[in-house]
Amino acid sequence: MVRGICKLSAIPMRLEPSDPSEMVNQVIFGESYDVLEQRKKWLRIRLHHDRYEGWIDRKQASLIDEAETEYRKDAKLSIASDLIEIVTQKDGGSYFPIFLGSYLPNLDKEQNFTIANQSYHFNGQAISQRQSRVELIETAFSYLHAPYLWGGRTPAGIDCSGFTQMVYRIAGHQIPRDAWQQAELGETLSFIEESEPGDLAFFDNNEGRIVHVGIILKDNYILHASGKVRLDRLDQSGIFNHEERGHTHKLRVIKKII
């Protein structure tokens with residue numbers, strides 16, 4: 001099996017092998033993947049952390065050998081905890097930004113790490129321990145006002161389930177990519193009053209399909225990505241948007257996952 005790793009800040013993952021095809025996801029710096037199919041300009045990949053599949057541009061791929069794959073199996077994964085920070089390639093001195101939630105395998109005390117035979121120095125803050133619910137909420141607020149982007153997973157653009165997945169990742173919990181997949185996890189709660197900050201609320205459309213998710217806060221507030229990552233009120237009917245003076249999302253289920 002051919003494998004690869006992301007050595008760019010974010011790579012668009014598309015539904016079809018074509019530049020105009022919709023972006024369904026992003027591969028974030030440090031994430032690894034299996035190559036399922038190869039074409040002249042495109043690779044169909046499956047991400048290791050959540051098994052999400054899609055197409056990436058071959059020019060943006062970095063393939064790794066078996067030795068690197070075995071090395072990554074044992075790697076201690078630190079996670080970048082700044083909104084955006086710089087990594088520097090140690091041999092050439094070039095540098096580029098990476099986003100909140102990026103993987104930094106085997107980051108040492110001097111803030112150095114290696115990916116695919118390339119050594120880097122990281123200039124920011126990183127997390128390597130599981131976080132509390134209080135810290136999870138602090139991370140969620142880091143994304144406040146990030147613009148909505150279908151398939152996005154960074155503070156430069158993010159969708160609703162990308163937001164919840166990344167916040168949970170940074171807190172030390174792996175959850176699936178899509179809202180309907182996340183809704184299959186955890187314990188179902190009957191009332192909002194039973195929830196704790198950090199629990200997830202899911203919302204459906206007129207056909208009963210889960211199409212939206214947000215992070216519950218105290219005092220019946222919710223953080224979610226809709227137009228941007230925003231703060232709204234939550235009640236048994238759904239999300240109440242004070243700017244639109246009405247409910248914008250219909251509550252389906254509340255889940256306690258951690």
# chains A, B, ... in the order shown; residues from 1 in each chain; ligands from 1
call {"tool": "select_by_dssp", "arguments": {"residues": "stretch 7-256 of chain A", "states": "helix (DSSP H, G or I)", "output": "ChimeraX atom specification"}}
result
/A:58-60,66-73,133-142,160-170,179-182,192-194,218-220
call {"tool": "closest_atom_pairs", "arguments": {"of": "stretch 130-155 of chain A", "to": "stretch 5-22 of chain A", "cutoff": "10 Å", "atoms": "only C-alpha atoms", "output": "Markdown table"}}
result
| residue | atom | partner | partner_atom | distance |
| --- | --- | --- | --- | --- |
| A:Trp150 | CA | A:Glu22 | CA | 8.6 |
| A:Gly151 | CA | A:Met13 | CA | 8.1 |
| A:Gly152 | CA | A:Pro12 | CA | 8.4 |
| A:Arg153 | CA | A:Ala10 | CA | 8.6 |
| A:Thr154 | CA | A:Ala10 | CA | 8.1 |
call {"tool": "atom_distance", "arguments": {"atom1": "atom CA of A:Asp232", "atom2": "atom CA of A:Glu135"}}
result
20.0 Å
call {"tool": "atom_distance", "arguments": {"atom1": "atom CA of A:Ile216", "atom2": "atom CA of A:Arg233"}}
result
9.5 Å
call {"tool": "residues_around", "arguments": {"residues": "A:Ile84", "least_positions_apart": "3", "cutoff": "7 Å", "atoms": "only C-alpha atoms", "output": "list in words"}}
result
Pro97, Ile98, Phe99 and Leu100 of chain A
call {"tool": "write_last_selection", "arguments": {"atoms": "N, CA and C atoms", "output": "compact mmCIF listing (two decimals), in the first residue's frame"}}
result
# COMPACT_ATOMS: atom_id res chain seq x y z
N PRO A 97 3.19 28.81 7.07
CA PRO A 97 2.27 28.73 8.21
C PRO A 97 1.57 27.38 8.28
N ILE A 98 1.24 26.97 9.49
CA ILE A 98 0.34 25.84 9.70
C ILE A 98 -0.77 26.28 10.65
N PHE A 99 -1.88 25.55 10.63
CA PHE A 99 -3.06 25.96 11.36
C PHE A 99 -3.25 25.19 12.67
N LEU A 100 -4.09 25.76 13.51
CA LEU A 100 -4.56 25.12 14.73
C LEU A 100 -5.04 23.70 14.41
call {"tool": "residues_around", "arguments": {"residues": "A:Met166", "least_positions_apart": "3", "cutoff": "8 Å", "atoms": "only C-alpha atoms", "output": "count of residues only"}}
result
6
call {"tool": "select_by_dssp", "arguments": {"residues": "stretch 32-146 of chain A", "states": "strand (DSSP E or B)", "output": "VMD selection string"}}
result
chain A and resid 32 to 38 42 to 47 53 to 57 63 to 64 77 to 80 84 to 89 95 to 99 103 to 105 112 to 115 118 to 122 126 to 127
call {"tool": "write_last_selection", "arguments": {"atoms": "C-alpha atoms", "output": "compact mmCIF listing (two decimals), in the first residue's frame"}}
result
# COMPACT_ATOMS: atom_id res chain seq x y z
CA SER A 32 -1.14 10.74 6.86
CA TYR A 33 -3.12 8.68 4.38
CA ASP A 34 -3.29 5.58 2.19
CA VAL A 35 -3.27 6.02 -1.59
CA LEU A 36 -6.17 3.98 -2.97
CA GLU A 37 -5.93 4.92 -6.63
CA GLN A 38 -3.47 6.83 -8.78
CA TRP A 42 -4.79 12.91 -9.05
CA LEU A 43 -4.64 10.52 -6.11
CA ARG A 44 -7.62 9.01 -4.33
CA ILE A 45 -6.71 8.76 -0.67
CA ARG A 46 -8.07 7.55 2.66
CA LEU A 47 -7.04 9.51 5.74
CA GLU A 53 -11.83 9.36 1.30
CA GLY A 54 -11.41 11.78 -1.58
CA TRP A 55 -9.13 13.03 -4.34
CA ILE A 56 -6.08 15.28 -3.97
CA ASP A 57 -3.82 16.88 -6.57
CA LEU A 63 4.58 9.93 -0.44
CA ILE A 64 6.38 8.09 2.35
CA LEU A 77 1.61 13.26 18.22
CA SER A 78 1.68 16.79 19.52
CA ILE A 79 -0.99 19.13 18.17
CA ALA A 80 -0.45 22.77 17.22
CA ILE A 84 -1.72 29.98 12.98
CA GLU A 85 2.00 29.51 13.49
CA ILE A 86 5.23 29.09 11.54
CA VAL A 87 7.25 25.96 10.84
CA THR A 88 10.73 26.29 9.36
CA GLN A 89 12.49 23.73 7.21
CA TYR A 95 9.13 28.62 6.28
CA PHE A 96 5.36 28.52 5.98
CA PRO A 97 2.27 28.73 8.21
CA ILE A 98 0.34 25.84 9.70
CA PHE A 99 -3.06 25.96 11.36
CA TYR A 103 -0.06 17.23 13.76
CA LEU A 104 3.55 17.55 14.93
CA PRO A 105 4.96 13.99 15.24
CA ASN A 112 12.02 20.12 16.34
CA PHE A 113 10.36 17.27 14.47
CA THR A 114 10.71 15.30 11.23
CA ILE A 115 8.22 14.40 8.51
CA GLN A 118 12.40 16.62 6.25
CA SER A 119 13.37 18.26 9.55
CA TYR A 120 11.36 21.21 10.85
CA HIS A 121 11.42 23.68 13.70
CA PHE A 122 8.09 24.76 15.17
CA ALA A 126 1.59 22.56 21.17
CA ILE A 127 -0.59 20.16 23.16
call {"tool": "atom_distance", "arguments": {"atom1": "atom CA of A:Lys250", "atom2": "atom CA of A:Asp204"}}
result
6.0 Å
call {"tool": "residues_around", "arguments": {"residues": "A:Arg133", "least_positions_apart": "5", "cutoff": "12 Å", "atoms": "only C-alpha atoms", "output": "JSON, numbers by chain"}}
result
{"A": [138, 139, 140, 167, 168, 170, 171, 172, 173, 196, 197, 198, 199, 215, 216, 217, 218, 256, 257, 258]}
call {"tool": "write_last_selection", "arguments": {"atoms": "N, CA and C atoms", "output": "PDB file, in the first residue's frame"}}
result
ATOM      1  N   GLU A 138     -12.540  26.469  25.626  1.00  0.00           N
ATOM      2  CA  GLU A 138     -11.605  27.547  25.286  1.00  0.00           C
ATOM      3  C   GLU A 138     -11.107  27.388  23.850  1.00  0.00           C
ATOM      4  N   THR A 139     -10.802  26.156  23.458  1.00  0.00           N
ATOM      5  CA  THR A 139     -10.378  25.900  22.084  1.00  0.00           C
ATOM      6  C   THR A 139     -11.494  26.234  21.106  1.00  0.00           C
ATOM      7  N   ALA A 140     -12.729  25.842  21.437  1.00  0.00           N
ATOM      8  CA  ALA A 140     -13.861  26.132  20.549  1.00  0.00           C
ATOM      9  C   ALA A 140     -13.997  27.628  20.301  1.00  0.00           C
ATOM     10  N   VAL A 167     -12.090  20.621  17.202  1.00  0.00           N
ATOM     11  CA  VAL A 167     -12.104  20.990  18.617  1.00  0.00           C
ATOM     12  C   VAL A 167     -11.923  19.749  19.485  1.00  0.00           C
ATOM     13  N   TYR A 168     -12.609  18.676  19.137  1.00  0.00           N
ATOM     14  CA  TYR A 168     -12.467  17.431  19.887  1.00  0.00           C
ATOM     15  C   TYR A 168     -11.057  16.852  19.721  1.00  0.00           C
ATOM     16  N   ILE A 170      -8.210  18.464  19.253  1.00  0.00           N
ATOM     17  CA  ILE A 170      -7.263  19.236  20.043  1.00  0.00           C
ATOM     18  C   ILE A 170      -7.398  18.896  21.524  1.00  0.00           C
ATOM     19  N   ALA A 171      -8.619  18.540  21.939  1.00  0.00           N
ATOM     20  CA  ALA A 171      -8.851  18.141  23.328  1.00  0.00           C
ATOM     21  C   ALA A 171      -8.453  16.690  23.595  1.00  0.00           C
ATOM     22  N   GLY A 172      -8.036  15.968  22.533  1.00  0.00           N
ATOM     23  CA  GLY A 172      -7.554  14.602  22.715  1.00  0.00           C
ATOM     24  C   GLY A 172      -8.547  13.514  22.389  1.00  0.00           C
ATOM     25  N   HIS A 173      -9.594  13.847  21.602  1.00  0.00           N
ATOM     26  CA  HIS A 173     -10.635  12.872  21.271  1.00  0.00           C
ATOM     27  C   HIS A 173     -10.826  12.819  19.762  1.00  0.00           C
ATOM     28  N   GLU A 196     -23.812  18.962  29.416  1.00  0.00           N
ATOM     29  CA  GLU A 196     -22.708  19.727  29.975  1.00  0.00           C
ATOM     30  C   GLU A 196     -22.013  20.482  28.844  1.00  0.00           C
ATOM     31  N   PRO A 197     -21.334  21.580  29.177  1.00  0.00           N
ATOM     32  CA  PRO A 197     -20.550  22.256  28.144  1.00  0.00           C
ATOM     33  C   PRO A 197     -19.565  21.291  27.486  1.00  0.00           C
ATOM     34  N   GLY A 198     -19.586  21.266  26.172  1.00  0.00           N
ATOM     35  CA  GLY A 198     -18.749  20.338  25.424  1.00  0.00           C
ATOM     36  C   GLY A 198     -19.527  19.211  24.778  1.00  0.00           C
ATOM     37  N   ASP A 199     -20.761  18.956  25.224  1.00  0.00           N
ATOM     38  CA  ASP A 199     -21.606  17.978  24.551  1.00  0.00           C
ATOM     39  C   ASP A 199     -22.008  18.513  23.178  1.00  0.00           C
ATOM     40  N   ILE A 215     -21.508  22.779  19.354  1.00  0.00           N
ATOM     41  CA  ILE A 215     -20.998  22.471  20.692  1.00  0.00           C
ATOM     42  C   ILE A 215     -21.804  23.232  21.732  1.00  0.00           C
ATOM     43  N   ILE A 216     -22.398  22.492  22.659  1.00  0.00           N
ATOM     44  CA  ILE A 216     -23.234  23.090  23.694  1.00  0.00           C
ATOM     45  C   ILE A 216     -22.362  23.793  24.742  1.00  0.00           C
ATOM     46  N   LEU A 217     -22.821  24.966  25.166  1.00  0.00           N
ATOM     47  CA  LEU A 217     -22.159  25.737  26.221  1.00  0.00           C
ATOM     48  C   LEU A 217     -23.096  25.838  27.414  1.00  0.00           C
ATOM     49  N   LYS A 218     -22.657  26.475  28.480  1.00  0.00           N
ATOM     50  CA  LYS A 218     -23.521  26.658  29.638  1.00  0.00           C
ATOM     51  C   LYS A 218     -24.592  27.708  29.322  1.00  0.00           C
ATOM     52  N   LYS A 256     -23.762  12.990  24.472  1.00  0.00           N
ATOM     53  CA  LYS A 256     -22.602  13.106  25.370  1.00  0.00           C
ATOM     54  C   LYS A 256     -21.584  12.091  24.872  1.00  0.00           C
ATOM     55  N   ILE A 257     -20.482  12.591  24.316  1.00  0.00           N
ATOM     56  CA  ILE A 257     -19.480  11.726  23.713  1.00  0.00           C
ATOM     57  C   ILE A 257     -18.269  11.532  24.618  1.00  0.00           C
ATOM     58  N   ILE A 258     -17.973  12.522  25.464  1.00  0.00           N
ATOM     59  CA  ILE A 258     -16.841  12.409  26.380  1.00  0.00           C
ATOM     60  C   ILE A 258     -17.321  12.569  27.813  1.00  0.00           C
TER      61      ILE A 258
END
call {"tool": "closest_residue", "arguments": {"among": "A:Asp159, A:Asp219, A:Asp235, A:Glu110", "to": "A:Ala179", "atoms": "only C-alpha atoms"}}
result
A:Asp159
call {"tool": "closest_residue", "arguments": {"among": "A:Arg252, A:Leu83, A:Val229, A:Gly124", "to": "A:Arg209", "atoms": "only C-alpha atoms"}}
result
A:Arg252
call {"tool": "residues_around", "arguments": {"residues": "A:Arg230", "least_positions_apart": "3", "cutoff": "9 Å", "atoms": "only C-alpha atoms", "output": "list of chain:residue names"}}
result
A:Tyr143, A:Leu144, A:His145, A:Ala146, A:Ile222, A:Leu223, A:His224, A:Ala225, A:Ser226, A:Gly227
call {"tool": "write_last_selection", "arguments": {"atoms": "C-alpha atoms", "output": "PDB file, in the first residue's frame"}}
result
ATOM      1  CA  TYR A 143     -12.533  29.502  16.142  1.00  0.00           C
ATOM      2  CA  LEU A 144     -15.139  32.214  16.836  1.00  0.00           C
ATOM      3  CA  HIS A 145     -15.908  34.216  13.639  1.00  0.00           C
ATOM      4  CA  ALA A 146     -13.931  31.819  11.419  1.00  0.00           C
ATOM      5  CA  ILE A 222     -24.248  26.933  21.435  1.00  0.00           C
ATOM      6  CA  LEU A 223     -21.170  27.487  19.239  1.00  0.00           C
ATOM      7  CA  HIS A 224     -21.582  26.323  15.655  1.00  0.00           C
ATOM      8  CA  ALA A 225     -20.439  27.079  12.106  1.00  0.00           C
ATOM      9  CA  SER A 226     -23.203  28.707  10.065  1.00  0.00           C
ATOM     10  CA  GLY A 227     -21.976  31.525   7.852  1.00  0.00           C
TER      11      GLY A 227
END
call {"tool": "closest_residue", "arguments": {"among": "A:Thr188, A:Arg130, A:Leu107, A:Gln165", "to": "A:Gly214", "atoms": "only C-alpha atoms"}}
result
A:Gln165
